[in-house]
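Below is the file start-v4.pdb, which contains PDB, C-alpha atoms.
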ATOM      1  CA  MET E 272      72.003 105.529  89.569
ATOM      2  CA  ARG E 273      73.751 104.157  86.491
ATOM      3  CA  VAL E 274      77.169 105.762  86.433
ATOM      4  CA  LEU E 275      79.711 106.285  83.653
ATOM      5  CA  VAL E 276      83.183 106.291  85.256
ATOM      6  CA  VAL E 277      85.891 108.117  83.293
ATOM      7  CA  ASP E 278      89.429 107.762  84.664
ATOM      8  CA  ASP E 279      92.644 106.649  82.964
ATOM      9  CA  SER E 280      93.686 104.692  86.070
ATOM     10  CA  VAL E 281      92.323 101.169  86.406
ATOM     11  CA  LEU E 282      93.030 101.446  90.137
ATOM     12  CA  MET E 283      90.827 104.532  90.473
ATOM     13  CA  ARG E 284      88.090 103.038  88.303
ATOM     14  CA  THR E 285      88.099  99.926  90.503
ATOM     15  CA  MET E 286      88.045 101.987  93.709
ATOM     16  CA  LEU E 287      85.153 104.042  92.339
ATOM     17  CA  ARG E 288      83.264 100.900  91.333
ATOM     18  CA  GLU E 289      83.680  99.396  94.827
ATOM     19  CA  VAL E 290      82.493 102.559  96.572
ATOM     20  CA  LEU E 291      79.612 103.194  94.143
ATOM     21  CA  GLU E 292      78.363  99.618  94.482
ATOM     22  CA  SER E 293      78.618  99.810  98.273
ATOM     23  CA  LEU E 294      76.384 102.902  98.075
ATOM     24  CA  GLY E 295      73.813 101.070  95.955
ATOM     25  CA  HIS E 296      74.723 102.480  92.547
ATOM     26  CA  ARG E 297      75.739 100.655  89.395
ATOM     27  CA  VAL E 298      78.599 101.330  86.981
ATOM     28  CA  ALA E 299      76.979 101.439  83.540
ATOM     29  CA  ALA E 300      80.275 101.821  81.686
ATOM     30  CA  GLU E 301      83.940 102.648  82.244
ATOM     31  CA  ALA E 302      86.171 104.769  80.030
ATOM     32  CA  ALA E 303      89.939 105.330  80.213
ATOM     33  CA  SER E 304      90.105 108.268  77.805
ATOM     34  CA  GLY E 305      88.082 111.173  76.493
ATOM     35  CA  ALA E 306      87.316 109.375  73.239
ATOM     36  CA  GLU E 307      86.090 106.280  75.099
ATOM     37  CA  ALA E 308      83.962 108.497  77.330
ATOM     38  CA  LEU E 309      82.229 110.150  74.383
ATOM     39  CA  THR E 310      81.441 106.726  72.927
ATOM     40  CA  ALA E 311      80.204 105.485  76.313
ATOM     41  CA  LEU E 312      77.628 108.292  76.496
ATOM     42  CA  ALA E 313      75.543 105.942  74.344
ATOM     43  CA  SER E 314      74.999 103.834  77.487
ATOM     44  CA  SER E 315      72.686 106.687  78.687
ATOM     45  CA  PRO E 316      74.115 106.999  82.191
ATOM     46  CA  ASP E 317      72.382 108.976  84.951
ATOM     47  CA  LEU E 318      75.722 110.445  86.037
ATOM     48  CA  MET E 319      79.254 110.820  84.703
ATOM     49  CA  ILE E 320      82.168 110.716  87.156
ATOM     50  CA  LEU E 321      85.073 112.396  85.416
ATOM     51  CA  ASP E 322      88.805 112.697  86.104
ATOM     52  CA  ILE E 323      90.625 115.776  84.811
ATOM     53  CA  SER E 324      93.900 114.154  83.694
ATOM     54  CA  LEU E 325      93.136 111.959  80.696
ATOM     55  CA  PRO E 326      95.608 110.709  78.085
ATOM     56  CA  ASP E 327      93.966 112.282  75.035
ATOM     57  CA  MET E 328      92.387 115.484  76.351
ATOM     58  CA  ASP E 329      91.981 117.216  79.660
ATOM     59  CA  GLY E 330      88.771 116.416  81.482
ATOM     60  CA  LEU E 331      87.564 120.018  81.467
ATOM     61  CA  ARG E 332      87.715 120.113  77.677
ATOM     62  CA  LEU E 333      85.816 116.831  77.648
ATOM     63  CA  LEU E 334      83.248 118.379  79.968
ATOM     64  CA  GLU E 335      82.767 121.251  77.474
ATOM     65  CA  THR E 336      81.994 118.660  74.773
ATOM     66  CA  VAL E 337      79.655 116.726  77.078
ATOM     67  CA  ARG E 338      77.758 119.936  77.779
ATOM     68  CA  VAL E 339      77.020 120.127  74.031
ATOM     69  CA  LYS E 340      76.266 116.431  73.430
ATOM     70  CA  SER E 341      74.390 115.667  76.682
ATOM     71  CA  PRO E 342      73.584 119.034  78.239
ATOM     72  CA  ARG E 343      71.459 117.606  81.069
ATOM     73  CA  LEU E 344      73.854 114.878  82.175
ATOM     74  CA  PRO E 345      75.075 115.538  85.730
ATOM     75  CA  VAL E 346      78.877 115.375  85.898
ATOM     76  CA  LEU E 347      80.876 114.900  89.082
ATOM     77  CA  ILE E 348      84.583 115.717  88.874
ATOM     78  CA  VAL E 349      86.917 113.410  90.827
ATOM     79  CA  THR E 350      90.475 114.649  90.552
ATOM     80  CA  GLY E 351      93.872 114.727  92.212
ATOM     81  CA  ASN E 352      94.009 118.389  91.258
ATOM     82  CA  ASP E 353      92.387 120.466  93.989
ATOM     83  CA  GLN E 354      93.490 123.886  92.809
ATOM     84  CA  ALA E 355      90.931 126.636  93.280
ATOM     85  CA  ALA E 356      91.363 127.787  89.657
ATOM     86  CA  VAL E 357      90.547 124.319  88.307
ATOM     87  CA  ARG E 358      87.604 123.897  90.700
ATOM     88  CA  ARG E 359      86.147 127.244  89.597
ATOM     89  CA  ARG E 360      86.392 126.282  85.932
ATOM     90  CA  ALA E 361      84.725 122.899  86.577
ATOM     91  CA  LEU E 362      81.845 124.511  88.459
ATOM     92  CA  ALA E 363      81.480 127.148  85.729
ATOM     93  CA  LEU E 364      80.968 124.219  83.337
ATOM     94  CA  LYS E 365      78.138 123.097  85.626
ATOM     95  CA  ALA E 366      79.888 120.178  87.298
ATOM     96  CA  VAL E 367      77.724 119.047  90.221
ATOM     97  CA  ALA E 368      80.702 118.975  92.595
ATOM     98  CA  VAL E 369      84.457 118.459  92.653
ATOM     99  CA  VAL E 370      85.779 115.620  94.836
ATOM    100  CA  ARG E 371      89.484 115.398  95.582
ATOM    101  CA  LYS E 372      91.270 112.097  94.958
ATOM    102  CA  PRO E 373      91.876 109.971  96.893
ATOM    103  CA  PHE E 374      88.401 110.000  98.401
ATOM    104  CA  ASP E 375      86.591 107.975 101.016
ATOM    105  CA  SER E 376      83.071 106.635 100.686
ATOM    106  CA  GLU E 377      81.635 109.405 102.916
ATOM    107  CA  GLU E 378      83.025 112.126 100.654
ATOM    108  CA  LEU E 379      81.709 110.441  97.533
ATOM    109  CA  ALA E 380      78.322 109.811  99.163
ATOM    110  CA  ALA E 381      78.063 113.497 100.140
ATOM    111  CA  ALA E 382      78.854 114.576  96.576
ATOM    112  CA  LEU E 383      76.345 112.095  95.123
ATOM    113  CA  LYS E 384      73.623 113.686  97.239
ATOM    114  CA  LYS E 385      74.092 116.853  95.168
ATOM    115  CA  VAL E 386      73.229 115.016  91.950
ATOM    116  CA  PRO E 387      69.715 115.921  90.811
ATOM    117  CA  GLY E 388      67.253 113.055  90.407
ATOM    118  CA  PRO E 389      66.435 111.559  87.003
ATOM    119  CA  GLN E 390      65.196 114.273  84.694
ATOM    120  CA  ALA E 391      61.745 114.130  83.191
ATOM    121  CA  PRO E 392      61.899 113.632  79.436
ATOM    122  CA  PRO E 393      61.672 116.884  77.516
ATOM    123  CA  ALA E 394      58.169 117.931  76.544
ATOM    124  CA  PRO E 395      57.226 116.913  73.003
TER     125      PRO E 395
ATOM    126  CA  MET P  69     119.766 128.618  83.784
ATOM    127  CA  SER P  70     120.405 128.823  87.504
ATOM    128  CA  LEU P  71     118.052 130.081  90.136
ATOM    129  CA  THR P  72     119.250 132.555  92.737
ATOM    130  CA  ASP P  73     119.639 131.299  96.299
ATOM    131  CA  GLY P  74     116.487 133.184  97.279
ATOM    132  CA  GLU P  75     114.513 131.596  94.427
ATOM    133  CA  LYS P  76     115.827 128.127  95.275
ATOM    134  CA  ASN P  77     114.801 128.564  98.908
ATOM    135  CA  ARG P  78     111.313 129.773  97.974
ATOM    136  CA  VAL P  79     110.750 126.967  95.431
ATOM    137  CA  SER P  80     112.076 124.344  97.861
ATOM    138  CA  SER P  81     109.832 125.648 100.580
ATOM    139  CA  LEU P  82     106.727 125.511  98.341
ATOM    140  CA  LEU P  83     107.523 122.014  97.044
ATOM    141  CA  GLU P  84     108.260 120.757 100.544
ATOM    142  CA  MET P  85     105.003 122.203 101.861
ATOM    143  CA  GLY P  86     103.078 120.609  98.984
ATOM    144  CA  LEU P  87     104.742 117.216  99.473
ATOM    145  CA  GLY P  88     103.837 117.383 103.149
ATOM    146  CA  LEU P  89     100.171 117.603 102.140
ATOM    147  CA  SER P  90     100.476 114.298 100.288
ATOM    148  CA  THR P  91     100.732 112.536 103.691
ATOM    149  CA  VAL P  92      96.986 112.914 104.225
ATOM    150  CA  ARG P  93      96.130 111.928 100.667
ATOM    151  CA  LEU P  94      98.323 108.822 100.740
ATOM    152  CA  ALA P  95      96.753 107.803 104.056
ATOM    153  CA  LYS P  96      93.290 108.117 102.549
ATOM    154  CA  MET P  97      94.263 106.108  99.491
ATOM    155  CA  SER P  98      95.787 103.268 101.521
ATOM    156  CA  ARG P  99      93.411 103.514 104.515
ATOM    157  CA  SER P 100      96.462 103.528 106.801
ATOM    158  CA  GLU P 101      98.807 106.085 108.356
ATOM    159  CA  TRP P 102     101.687 107.455 106.278
ATOM    160  CA  LEU P 103     104.370 110.070 106.689
ATOM    161  CA  VAL P 104     105.829 111.726 103.601
ATOM    162  CA  GLU P 105     109.050 113.640 104.226
ATOM    163  CA  THR P 106     111.217 115.618 101.867
ATOM    164  CA  ILE P 107     114.810 114.676 102.615
ATOM    165  CA  SER P 108     116.330 117.241 100.252
ATOM    166  CA  ILE P 109     115.580 119.443  97.267
ATOM    167  CA  LYS P 110     118.414 120.859  95.188
ATOM    168  CA  GLU P 111     119.087 122.340  91.776
ATOM    169  CA  VAL P 112     121.359 120.046  89.730
ATOM    170  CA  SER P 113     122.944 119.960  86.285
ATOM    171  CA  PRO P 114     121.718 117.267  83.857
ATOM    172  CA  VAL P 115     125.247 115.873  83.584
ATOM    173  CA  SER P 116     125.664 115.364  87.320
ATOM    174  CA  LEU P 117     122.132 113.979  87.602
ATOM    175  CA  LEU P 118     122.638 111.417  84.833
ATOM    176  CA  SER P 119     126.052 110.522  86.225
ATOM    177  CA  TRP P 120     124.600 109.991  89.704
ATOM    178  CA  PHE P 121     121.680 107.975  88.355
ATOM    179  CA  SER P 122     124.038 105.823  86.242
ATOM    180  CA  ARG P 123     125.633 104.359  89.376
ATOM    181  CA  GLY P 124     122.775 102.023  90.202
ATOM    182  CA  LYS P 125     121.688  99.303  87.804
ATOM    183  CA  GLU P 126     118.612  98.350  89.779
ATOM    184  CA  GLU P 127     115.386  98.260  87.786
ATOM    185  CA  ASN P 128     113.232 101.307  88.465
ATOM    186  CA  LEU P 129     109.719 102.458  87.727
ATOM    187  CA  ALA P 130     109.450 105.987  86.363
ATOM    188  CA  VAL P 131     106.203 107.938  86.300
ATOM    189  CA  SER P 132     106.343 111.056  84.168
ATOM    190  CA  PHE P 133     104.031 114.042  83.779
ATOM    191  CA  ASP P 134     104.105 117.291  81.914
ATOM    192  CA  SER P 135     102.141 120.478  81.865
ATOM    193  CA  GLN P 136     101.850 123.251  79.299
ATOM    194  CA  ASP P 137     101.224 127.002  79.633
ATOM    195  CA  PRO P 138     100.901 128.882  81.884
ATOM    196  CA  LEU P 139     103.319 126.721  83.893
ATOM    197  CA  PRO P 140     105.248 124.533  81.446
ATOM    198  CA  LEU P 141     107.152 121.774  83.209
ATOM    199  CA  ASP P 142     108.198 118.129  83.115
ATOM    200  CA  CYS P 143     108.244 115.922  86.186
ATOM    201  CA  VAL P 144     109.393 112.345  86.685
ATOM    202  CA  VAL P 145     109.093 110.326  89.895
ATOM    203  CA  LEU P 146     111.401 107.296  90.149
ATOM    204  CA  PHE P 147     110.873 104.321  92.460
ATOM    205  CA  PRO P 148     113.223 101.318  92.777
ATOM    206  CA  LEU P 149     111.155  98.378  91.489
ATOM    207  CA  SER P 150     111.504  96.406  94.730
ATOM    208  CA  SER P 151     110.187  99.395  96.719
ATOM    209  CA  ALA P 152     107.418  99.922  94.179
ATOM    210  CA  ARG P 153     106.204  96.343  94.706
ATOM    211  CA  SER P 154     106.076  96.739  98.502
ATOM    212  CA  LEU P 155     104.436 100.140  98.196
ATOM    213  CA  SER P 156     101.818  98.853  95.774
ATOM    214  CA  SER P 157     100.947  96.019  98.117
ATOM    215  CA  ALA P 158     100.777  98.362 101.139
ATOM    216  CA  ILE P 159      98.465 100.757  99.308
ATOM    217  CA  THR P 160      95.987  98.135  98.132
ATOM    218  CA  SER P 161      95.996  95.618 101.011
ATOM    219  CA  SER P 162      93.206  97.215 103.059
ATOM    220  CA  HIS P 163      90.789  97.547 100.138
ATOM    221  CA  GLY P 164      88.197  95.173  98.695
ATOM    222  CA  GLU P 165      89.047  92.188  96.551
ATOM    223  CA  GLY P 166      88.955  94.069  93.237
ATOM    224  CA  VAL P 167      91.471  96.702  94.361
ATOM    225  CA  ARG P 168      93.658  94.149  96.203
ATOM    226  CA  ALA P 169      93.980  92.179  92.978
ATOM    227  CA  LEU P 170      95.400  95.308  91.348
ATOM    228  CA  GLY P 171      98.276  95.293  93.837
ATOM    229  CA  GLU P 172     100.009  93.081  91.267
ATOM    230  CA  GLU P 173      99.547  95.780  88.617
ATOM    231  CA  ILE P 174     102.322  97.853  90.112
ATOM    232  CA  GLY P 175     102.362 100.456  87.328
ATOM    233  CA  SER P 176      98.754 101.454  87.922
ATOM    234  CA  VAL P 177      99.142 101.788  91.686
ATOM    235  CA  ILE P 178     102.510 103.556  91.571
ATOM    236  CA  GLY P 179     101.162 105.830  88.838
ATOM    237  CA  GLU P 180      98.498 107.040  91.275
ATOM    238  CA  VAL P 181     101.003 107.410  94.138
ATOM    239  CA  ALA P 182     103.219 109.533  91.870
ATOM    240  CA  ASN P 183     100.113 111.449  90.797
ATOM    241  CA  ILE P 184      99.461 112.359  94.428
ATOM    242  CA  LEU P 185     103.073 113.418  95.007
ATOM    243  CA  ALA P 186     103.272 115.453  91.783
ATOM    244  CA  HIS P 187      99.911 117.191  92.228
ATOM    245  CA  SER P 188     100.712 117.989  95.860
ATOM    246  CA  ALA P 189     104.169 119.426  95.140
ATOM    247  CA  LEU P 190     103.506 121.193  91.848
ATOM    248  CA  GLY P 191     100.027 122.325  92.886
ATOM    249  CA  ALA P 192     101.616 124.252  95.779
ATOM    250  CA  LEU P 193     103.925 125.952  93.299
ATOM    251  CA  ALA P 194     101.121 126.849  90.898
ATOM    252  CA  ASP P 195      98.877 128.032  93.747
ATOM    253  CA  ALA P 196     101.570 130.490  94.822
ATOM    254  CA  GLY P 197     101.149 132.187  91.454
ATOM    255  CA  ALA P 198      97.372 131.616  91.319
ATOM    256  CA  LEU P 199      97.929 129.666  88.108
ATOM    257  CA  PRO P 200      95.884 126.682  86.932
ATOM    258  CA  LEU P 201      97.979 123.527  86.582
ATOM    259  CA  ILE P 202      96.695 120.640  84.478
ATOM    260  CA  LEU P 203      99.171 117.775  84.651
ATOM    261  CA  SER P 204      99.115 115.159  81.922
ATOM    262  CA  SER P 205      97.955 111.664  82.663
ATOM    263  CA  PRO P 206     100.817 109.701  84.313
ATOM    264  CA  ARG P 207     103.038 107.702  81.937
ATOM    265  CA  VAL P 208     104.708 104.688  83.582
ATOM    266  CA  HIS P 209     107.870 102.976  82.309
ATOM    267  CA  ALA P 210     110.224 100.397  83.788
ATOM    268  CA  GLY P 211     113.977 100.162  83.244
ATOM    269  CA  GLU P 212     117.355 101.370  84.477
ATOM    270  CA  LYS P 213     117.252 104.712  86.249
ATOM    271  CA  ALA P 214     119.604 106.587  83.912
ATOM    272  CA  ARG P 215     117.767 105.453  80.770
ATOM    273  CA  LEU P 216     114.373 106.306  82.243
ATOM    274  CA  LEU P 217     115.614 109.733  83.222
ATOM    275  CA  ASN P 218     117.161 110.272  79.816
ATOM    276  CA  ASP P 219     113.848 109.418  78.143
ATOM    277  CA  ALA P 220     111.865 111.596  80.523
ATOM    278  CA  LEU P 221     114.134 114.560  79.924
ATOM    279  CA  ALA P 222     114.180 114.203  76.149
ATOM    280  CA  ARG P 223     112.623 117.647  75.757
ATOM    281  CA  TYR P 224     115.142 119.307  78.096
ATOM    282  CA  ASP P 225     117.360 121.639  76.091
ATOM    283  CA  GLY P 226     118.759 123.673  78.971
ATOM    284  CA  THR P 227     117.442 126.953  77.576
ATOM    285  CA  GLY P 228     115.708 128.857  80.338
ATOM    286  CA  LYS P 229     115.196 125.681  82.340
ATOM    287  CA  SER P 230     116.068 124.656  85.858
ATOM    288  CA  LEU P 231     116.445 121.041  86.937
ATOM    289  CA  LEU P 232     115.443 120.199  90.512
ATOM    290  CA  LEU P 233     116.029 116.898  92.290
ATOM    291  CA  SER P 234     114.088 115.949  95.394
ATOM    292  CA  HIS P 235     114.626 112.917  97.631
ATOM    293  CA  ILE P 236     111.402 111.821  99.284
ATOM    294  CA  GLU P 237     110.846 109.265 102.023
ATOM    295  CA  MET P 238     107.494 107.608 102.645
ATOM    296  CA  GLN P 239     106.860 105.738 105.878
ATOM    297  CA  SER P 240     103.967 103.618 107.012
ATOM    298  CA  LYS P 241     103.679 101.319 110.024
ATOM    299  CA  ASP P 242     105.324  98.441 108.154
ATOM    300  CA  LEU P 243     107.240 100.081 105.332
ATOM    301  CA  VAL P 244     109.874 102.732 104.715
ATOM    302  CA  THR P 245     110.492 103.528 101.071
ATOM    303  CA  LYS P 246     112.201 106.243  99.074
ATOM    304  CA  CYS P 247     111.735 107.827  95.687
ATOM    305  CA  ASN P 248     113.243 110.650  93.654
ATOM    306  CA  MET P 249     111.322 113.433  92.000
ATOM    307  CA  VAL P 250     112.989 115.297  89.132
ATOM    308  CA  ILE P 251     111.332 118.513  87.965
ATOM    309  CA  VAL P 252     112.232 120.574  84.910
ATOM    310  CA  LEU P 253     110.886 124.079  85.405
ATOM    311  CA  ASP P 254     110.647 126.932  82.957
ATOM    312  CA  VAL P 255     112.573 129.672  84.769
ATOM    313  CA  PRO P 256     110.775 132.722  83.276
ATOM    314  CA  ALA P 257     107.384 131.185  84.195
ATOM    315  CA  LEU P 258     108.692 130.301  87.643
ATOM    316  CA  ARG P 259     109.921 133.867  88.200
ATOM    317  CA  LYS P 260     106.466 135.201  87.369
ATOM    318  CA  ILE P 261     105.032 132.931  90.073
ATOM    319  CA  LEU P 262     107.625 133.967  92.621
ATOM    320  CA  ALA P 263     107.023 137.640  91.832
ATOM    321  CA  LYS P 264     103.334 137.168  92.728
ATOM    322  CA  GLY P 265     104.105 135.263  95.929
TER     323      GLY P 265
END
Reformat the file's structure so that it appears as structure tokens.
Amino acid sequence: MRVLVVDDSVLMRTMLREVLESLGHRVAAEAASGAEALTALASSPDLMILDISLPDMDGLRLLETVRVKSPRLPVLIVTGNDQAAVRRRALALKAVAVVRKPFDSEELAAALKKVPGPQAPPAP
Amino acid sequence: MSLTDGEKNRVSSLLEMGLGLSTVRLAKMSRSEWLVETISIKEVSPVSLLSWFSRGKEENLAVSFDSQDPLPLDCVVLFPLSSARSLSSAITSSHGEGVRALGEEIGSVIGEVANILAHSALGALADAGALPLILSSPRVHAGEKARLLNDALARYDGTGKSLLLSHIEMQSKDLVTKCNMVIVLDVPALRKILAKG
């Protein structure tokens, strides 16, 4: 899968890149803010991995916008915030799964298995 | 605004429980064993806090967060710079080359360590009131402790606020390091949480 990684922390983006590559995926683009993420949607990723704490908007608000701009894009939340209330809201916005940071490769691999395969293009 | 003894005990207990949970998360991040212990949590006045922090001139790294309704708060975690360097190296050393190289970018690594501590502690508090807590992205600054604290508490006006200071010790096989967490809580919001718990 080609993955768009959205996290304000260069450390977390690097850790995600290392784990994703070890699992055979490719990072299509990285974004450190909500605005950068919206621009990076142009790279047509197969999956967005999204942090909730971003400098310009919270990740759940970004997810609401992504649902409008790219409604079929699978989004996996990776966050240090493991509150039930936040998890419920993310899943209500059709996040594929919520993975708690820090994560190990097994946890990320298990969450990636929940990502649906590439979608067929919409019928003309 | 001061908390009652009962409120202080309940808040301390929740924060301490939350900080204890960060042990597992820190271990996962560093791929090594850690122990996170809360040495003390107490309510302090801003004057005594600034006076105490003014004693040391050592360069520190401050990581600050805030959150808005329904649980408005400010939080700053302060690490002596020398400890921050050792901690950053310990966290990244067992990772691949890309992450190890970031060990030199202390602000990024310590920002994530503080993120773990803050989410663990404050998440326990918010959970007690079944409230969602969205902390801001960590903001990292270096400088003298008193100035960093002064900057971090710029929004503190004393009205309906309580200032808590926690001393935290983090131990791994090869490293023992300490940090301070300062939390500015909105007392009316806090009392709503405690009423639910």
Near chain P, 7 Å: chain E residue rows, closest pairs, all atoms listed in the file, as JSON lines:
{"residue": "E:Ser280", "atom": "CA", "partner": "P:Ser176", "partner_atom": "CA", "distance": 6.3}
{"residue": "E:Val281", "atom": "CA", "partner": "P:Ser176", "partner_atom": "CA", "distance": 6.6}
{"residue": "E:Leu282", "atom": "CA", "partner": "P:Ser176", "partner_atom": "CA", "distance": 6.1}
{"residue": "E:Thr285", "atom": "CA", "partner": "P:Val167", "partner_atom": "CA", "distance": 6.1}
{"residue": "E:Met286", "atom": "CA", "partner": "P:Val167", "partner_atom": "CA", "distance": 6.3}
{"residue": "E:Ser324", "atom": "CA", "partner": "P:Ser205", "partner_atom": "CA", "distance": 4.9}
{"residue": "E:Leu325", "atom": "CA", "partner": "P:Ser205", "partner_atom": "CA", "distance": 5.2}
{"residue": "E:Pro326", "atom": "CA", "partner": "P:Ser205", "partner_atom": "CA", "distance": 5.2}
{"residue": "E:Gly351", "atom": "CA", "partner": "P:Ile184", "partner_atom": "CA", "distance": 6.5}
{"residue": "E:Asn352", "atom": "CA", "partner": "P:His187", "partner_atom": "CA", "distance": 6.1}
{"residue": "E:Gln354", "atom": "CA", "partner": "P:Gly191", "partner_atom": "CA", "distance": 6.7}
{"residue": "E:Ala356", "atom": "CA", "partner": "P:Pro200", "partner_atom": "CA", "distance": 5.4}
{"residue": "E:Val357", "atom": "CA", "partner": "P:Pro200", "partner_atom": "CA", "distance": 6.0}
{"residue": "E:Pro373", "atom": "CA", "partner": "P:Met97", "partner_atom": "CA", "distance": 5.2}
{"residue": "E:Phe374", "atom": "CA", "partner": "P:Lys96", "partner_atom": "CA", "distance": 6.7}
{"residue": "E:Asp375", "atom": "CA", "partner": "P:Lys96", "partner_atom": "CA", "distance": 6.9}
Output C-alpha atoms of each residue in that selection to a file, as a JSON list (two decimals), in the coordinates of the input.
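Result file follows (out.json):
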[["chain", "number", "residue", "atom", "x", "y", "z"],
["E", 280, "SER", "CA", 93.69, 104.69, 86.07],
["E", 281, "VAL", "CA", 92.32, 101.17, 86.41],
["E", 282, "LEU", "CA", 93.03, 101.45, 90.14],
["E", 285, "THR", "CA", 88.10, 99.93, 90.50],
["E", 286, "MET", "CA", 88.04, 101.99, 93.71],
["E", 324, "SER", "CA", 93.90, 114.15, 83.69],
["E", 325, "LEU", "CA", 93.14, 111.96, 80.70],
["E", 326, "PRO", "CA", 95.61, 110.71, 78.08],
["E", 351, "GLY", "CA", 93.87, 114.73, 92.21],
["E", 352, "ASN", "CA", 94.01, 118.39, 91.26],
["E", 354, "GLN", "CA", 93.49, 123.89, 92.81],
["E", 356, "ALA", "CA", 91.36, 127.79, 89.66],
["E", 357, "VAL", "CA", 90.55, 124.32, 88.31],
["E", 373, "PRO", "CA", 91.88, 109.97, 96.89],
["E", 374, "PHE", "CA", 88.40, 110.00, 98.40],
["E", 375, "ASP", "CA", 86.59, 107.98, 101.02]]
| query | What's the 10 Å shell around Val369 in chain E, counting all atoms listed in the file, without same-chain residues fewer than 4 positions away, as a ChimeraX atom specification? | reply | /E:320-322,346-350,352-353,357-359,361-362,379,382
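Counting all atoms listed in the file, the residue from E:Met328, E:Leu334, E:Ala380, E:Val386 that sits nearest to Gly295 in chain E is E:Ala380.
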| Using the chain letters and numbers from the file, which residues does the PyMOL selection byres ((chain P and resi 237) around 10) grab, as an MDAnalysis selection string? | chainID P and resid 103:108 234:236 238:239 244:248
| task | Kindly indicate which residue among P:Ile109, P:Leu139, P:Leu117, P:Leu243 lies nearest to Ser156 in chain P, using all atoms listed in the file for the distances. | result |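 Comparing P:Ile109, P:Leu139, P:Leu117, P:Leu243 against Ser156 in chain P, the winner is P:Leu243.
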| Which is closest to Val115 in chain P among P:Leu221, P:Leu262, P:Ala182, P:Phe133, if we use all atoms listed in the file? |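 Looking only at the distances to Val115 in chain P, the closest residue turns out to be P:Leu221.
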| message | Between CA of Gly228 in chain P and CA of Leu89 in chain P, what distance in Å does the model show, to one decimal? | response | 29.0 Å
Long-range neighbours of range 310-319 of chain E as a compact mmCIF listing (two decimals) with C-alpha atoms, keeping the file's coordinate frame, 9 Å cut-off, all atoms listed in the file, 6 positions minimum in chain:
# COMPACT_ATOMS: atom_id res chain seq x y z
CA MET E 272 72.00 105.53 89.57
CA ARG E 273 73.75 104.16 86.49
CA VAL E 274 77.17 105.76 86.43
CA LEU E 275 79.71 106.28 83.65
CA VAL E 276 83.18 106.29 85.26
CA VAL E 277 85.89 108.12 83.29
CA VAL E 298 78.60 101.33 86.98
CA ALA E 299 76.98 101.44 83.54
CA ALA E 300 80.28 101.82 81.69
CA GLU E 301 83.94 102.65 82.24
CA ALA E 302 86.17 104.77 80.03
CA VAL E 337 79.66 116.73 77.08
CA LYS E 340 76.27 116.43 73.43
CA SER E 341 74.39 115.67 76.68
CA LEU E 344 73.85 114.88 82.18
CA PRO E 345 75.08 115.54 85.73
CA VAL E 346 78.88 115.38 85.90
CA LEU E 347 80.88 114.90 89.08
CA ILE E 348 84.58 115.72 88.87
CA VAL E 386 73.23 115.02 91.95
CA GLY E 388 67.25 113.06 90.41
CA PRO E 389 66.44 111.56 87.00
CA GLN E 390 65.20 114.27 84.69
Picked residues, the PyMOL selection byres ((chain P and resi 126) around 12), as a compact mmCIF listing (two decimals) with C-alpha atoms, keeping the file's coordinate frame:
# COMPACT_ATOMS: atom_id res chain seq x y z
CA PHE P 121 121.68 107.98 88.36
CA SER P 122 124.04 105.82 86.24
CA ARG P 123 125.63 104.36 89.38
CA GLY P 124 122.78 102.02 90.20
CA LYS P 125 121.69 99.30 87.80
CA GLU P 127 115.39 98.26 87.79
CA ASN P 128 113.23 101.31 88.46
CA LEU P 129 109.72 102.46 87.73
CA LEU P 146 111.40 107.30 90.15
CA PHE P 147 110.87 104.32 92.46
CA PRO P 148 113.22 101.32 92.78
CA LEU P 149 111.16 98.38 91.49
CA SER P 150 111.50 96.41 94.73
CA SER P 151 110.19 99.40 96.72
CA ALA P 210 110.22 100.40 83.79
CA GLY P 211 113.98 100.16 83.24
CA GLU P 212 117.36 101.37 84.48
CA LYS P 213 117.25 104.71 86.25
CA ALA P 214 119.60 106.59 83.91
CA ARG P 215 117.77 105.45 80.77
CA LEU P 216 114.37 106.31 82.24
| said: One decimal, in Å: what's the spacing between CA of Glu84 in chain P and CA of Lys110 in chain P? | reply: 11.5 Å
Starting from the incomplete input, reconstruct N, CA and C atoms of range 247-253 of chain P and write that as an mmCIF file, in the coordinates of the input.
data_model
loop_
_atom_site.group_PDB
_atom_site.id
_atom_site.type_symbol
_atom_site.label_atom_id
_atom_site.label_comp_id
_atom_site.auth_asym_id
_atom_site.auth_seq_id
_atom_site.Cartn_x
_atom_site.Cartn_y
_atom_site.Cartn_z
ATOM 1 N N CYS P 247 111.820 107.595 97.118
ATOM 2 C CA CYS P 247 111.735 107.827 95.687
ATOM 3 C C CYS P 247 112.406 109.158 95.371
ATOM 4 N N ASN P 248 112.661 109.383 94.111
ATOM 5 C CA ASN P 248 113.243 110.650 93.654
ATOM 6 C C ASN P 248 112.243 111.342 92.754
ATOM 7 N N MET P 249 112.149 112.652 92.919
ATOM 8 C CA MET P 249 111.322 113.433 92.000
ATOM 9 C C MET P 249 112.243 114.417 91.274
ATOM 10 N N VAL P 250 112.197 114.363 89.939
ATOM 11 C CA VAL P 250 112.989 115.297 89.132
ATOM 12 C C VAL P 250 112.010 116.220 88.416
ATOM 13 N N ILE P 251 112.244 117.523 88.556
ATOM 14 C CA ILE P 251 111.332 118.513 87.965
ATOM 15 C C ILE P 251 112.125 119.437 87.052
ATOM 16 N N VAL P 252 111.638 119.599 85.830
ATOM 17 C CA VAL P 252 112.232 120.574 84.910
ATOM 18 C C VAL P 252 111.279 121.760 84.835
ATOM 19 N N LEU P 253 111.738 122.887 85.344
ATOM 20 C CA LEU P 253 110.886 124.079 85.405
ATOM 21 C C LEU P 253 111.328 125.112 84.390
#
